[in-house]
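Asker: After the structure tokens below, expect a handful of questions from me.
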Amino acid sequence: MSPLLARLESVARAQPGRVALVADGRHLTFDELWTRAGGVADALRVRGVRPNDRVAVVGERGAEDFVHMLGLWRAGAAYVPIGTKVPPERAQRMLQLAGVVAVLAGRTDGLASRSLWAASGPSWPAPCAALDGEALAYVIFTSGSTGEPKGVPVTHRNLSAYLENLGQCYPLHSHDRVAQLAELSFDASVHEWVGAWWVGATLCVVPTRAALMWPRYAAELGVTSLLAVPSSVAMAQAKGLLKPGSLPTLRLVFLGGEALPLSVARGLQQAAPHAQLVNLFGPTEATVAFTHFPIDLSQPLPEVVPIGQPFKDQQVLLCEEQGHAPSPGAAGELMLAGSQVCSAYWNQPAQDLRAFTTIGGQRWYRSGDLVRDDPRWGLCYLGRADRQVKIKGYRIELQEVELAVLSLQGVTQAAVVAEPAPAGAATGLVCCWTGPQPLDASTLREQLARTLPAYMLPGRFKWLQALPLTESGKTDYKALAAAAGSD
């Protein structure tokens with residue numbers, strides 16, 4: 001059994017009667033959770049699922065989804081989360097790329113799926129599959145610059161390293177109540193559900209339909225820890241849901257997924273006066289978060305909260321375009337190495353050549369993020385070195401959106417830029433395009449929705465007679481961004 005699974009089972013066995021999961025109006029104890037997961041594992045084995053097979057889980061954070069994922073691990077398989085709002089064509093491509101052998105959940109539009117929630121099977125005596133730490137835990141797909149999503153395979157060892165590092169700096173306890181806010185296809189979800197059960201805490205799932213009302217659910221459920229995307233916090237502030245002292249039970253709040261404006265941190269701290277705020281940073285390829293910065297608002301901080309230092313035994317390197325280290329205080333691309341970093345993309349060697357490199361005998365992941373090292377705060381995030389952006393925590397390759405727009409009838413050229421926003425946090429996309437004649441924006445958006453998920457759809461479309469070009473004849477994205485901001 002992998003150390004990850006052994007830890008989860010040991011913690012659960014020590015407190016079988018404690019509530020492990022609150023979701024869909026259900027309260028499952030650790031005994032009930034693991035008994036159901038044992039039934040799922042047995043049913044999967046009967047159906048021919050073998051260790052290291054990939055099985056898709058399609059759901060919206062329902063109780064059965066967590067039982068399915070845990071059951072898959074008990075059977076030795078890895079899960080591939082597919083969001084319920086992902087267009088069927090894209091979902092099918094993800095299933096194909098991952099080599100999925102089965103689909104579990106209640107969604108059937110274009111996906112042959114089933115639920116094993118009610119599967120009868122063994123309870124606690126049933127053994128978990130014999131796995132080592134290199135066994136695959138999950139494959140999460142992110143946006144790809146070639147027009148195809150990239151599969152990021154994370155092993156049990158990668159995930160154990162993250163949870164151990166996180167726990168050493170910011171320990172959770174069995175009496176904690178951890179909110180599940182993230183969609184399963186977003187790797188922050190792993191921090192939530194696995195992080196809670198790693199210590200025997202209770203996982204409290206906020207329903208997808210109430211995602212924008214998460215502060216009310218957190219207060220009602222007595223949540224003590226959560227991970228939030230800064231934009232969701234800002235939205236809650238705008239809706240008046242984060243009044244001073246409104247989240248008194250929170251003691252540990254992580255923020256991540258995009259740049260964190262200092263003003264957002266201040267507003268959240270007022271709502272949760274007893275909480276330690278922590279800014280987390282890291283790509284999916286480095287298992288949820290790679291660096292951390294405990295926020296002390298009594299000290300002077302820049303307008304974009306720093307991302308701090310790497311976790312224990314994780315390595316960072318700053319490089320300029322030529323591969324040289326930048327001068328002190330100057331910007332460089334952030335390179336990552338260590339036990340949390342995945343070894344490669346899933347069966348996509350062309351992507352590996354672009355994203356991984358070897359320096360001094362060490363394999364490094366090129367994050368594409370520009371940072372500088374500040375003697376006061378550690379690493380400070382400056383933006384993206386490539387054309388990837390983060391919107392509401394989702395990573396989006398702008399080139400992938402462009403390729404989708406170019407596939408539409410009546411479009412000759414397309415260029416996509418991020419909506420200008422303060423503090424480096426993009427809020428949406430603007431698509432500038434050329435063609436014989438203007439087309440209605442709603443028509444373009446409707447056609448794109450067949451192949452792109454909602455978070456990748458441009459919020460604005462701008463028809464131009466010609467795209468601006470640089471002196472070298474390339475699309476002038478700076479000019480487009482300036483024009484988009486002046487509208």
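Please note that chains go A, B, ... in the order of the structure tokens, that every chain numbers its residues from 1, and that ligands are numbered from 1 in the order shown.
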Could you tell me, as a PyMOL selection string, which residues of region 335-454 of chain A DSSP assigns to strand (DSSP E or B) when given the backbone?
Answerer: chain A and resi 335-337+356-359+362-374+378-384+388-391+394-397+413-418+429-434
Asker: Taking into account only C-alpha atoms, which residue in the set A:Ala331, A:Leu448, A:Leu163, A:Cys431 is nearest to Leu382 (chain A)?
Answerer: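 Closest to Leu382 (chain A), using only C-alpha atoms: A:Ala331.
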Asker: Which neighbours of Gly62 (chain A) fall inside 7 Å, counting only C-alpha atoms, when residues of the same chain fewer than 2 positions from it are skipped, and could you give them as a list in words?
Answerer: Ala23, Asp24, Gly59, Glu60, Glu64 and Asp65 of chain A
Asker: Using backbone DSSP assignments, extract all helix (DSSP H, G or I) residues from region 322-443 of chain A; output them as number ranges by chain.
Answerer: A: 349-355, 398-406, 422-424, 441-443
Asker: Determine, counting only C-alpha atoms, which protein, DNA and RNA residues have an atom within 10 Å of an atom of Thr427 (chain A); residues of the same chain fewer than 6 positions away are not included. Present the result as a PyMOL selection string.
Answerer: chain A and resi 231+389-392+418-421+459
Asker: Would you pick out the contacts of Met69 (chain A) at 9 Å or less, using only C-alpha atoms, so that residues sharing its chain but fewer than 6 positions from it are not included, and give the list as an MDAnalysis selection string?
Answerer: chainID A and resid 37 57 78:79
Asker: Could you check which of A:Ala415, A:Leu457, A:Ala201, A:Val316 is closest to Leu480 (chain A), using only C-alpha atoms?
Answerer: A:Ala415
Asker: Applying 8 Å and only C-alpha atoms, which residues near region 255-269 of chain A remain after dropping the ones on its own chain fewer than 5 positions away? List them as a VMD selection string.
Answerer: chain A and resid 227 to 230 233 to 234 237 242 275 277 to 282 297 301 to 305 381 390 to 394 423 to 425
Asker: Write out as a PyMOL selection string the residues lying within 7 Å of Val139 (chain A), counting only C-alpha atoms and excluding same-chain residues fewer than 2 positions away.
Answerer: chain A and resi 79-80+141+151-154
Asker: Figure out the distance between CA of Val405 (chain A) and CA of Asp440 (chain A), please, to one decimal in Å.
Answerer: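 Result for CA of Asp440 (chain A) versus CA of Val405 (chain A): 13.4 Å, one decimal.
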Asker: Identify which of the residues A:Ala56, A:Leu181, A:Cys204, A:Ala466 lies closest to Met94 (chain A), counting only C-alpha atoms when measuring atom-to-atom distances.
Answerer: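 So, comparing all the options, the nearest one is A:Ala56.
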Asker: For a test of reading the model, state the distance in Å between CA of Thr142 (chain A) and CA of Ile396 (chain A), rounded to one decimal.
Answerer: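 About the pair CA of Thr142 (chain A) and CA of Ile396 (chain A): they are 7.6 Å apart.
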Asker: Which is closest to Arg445 (chain A) among A:Leu464, A:Ala483, A:Ala135, A:Leu408, if we use only C-alpha atoms?
Answerer: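 Among the listed residues, the smallest separation from Arg445 (chain A) belongs to A:Leu408.
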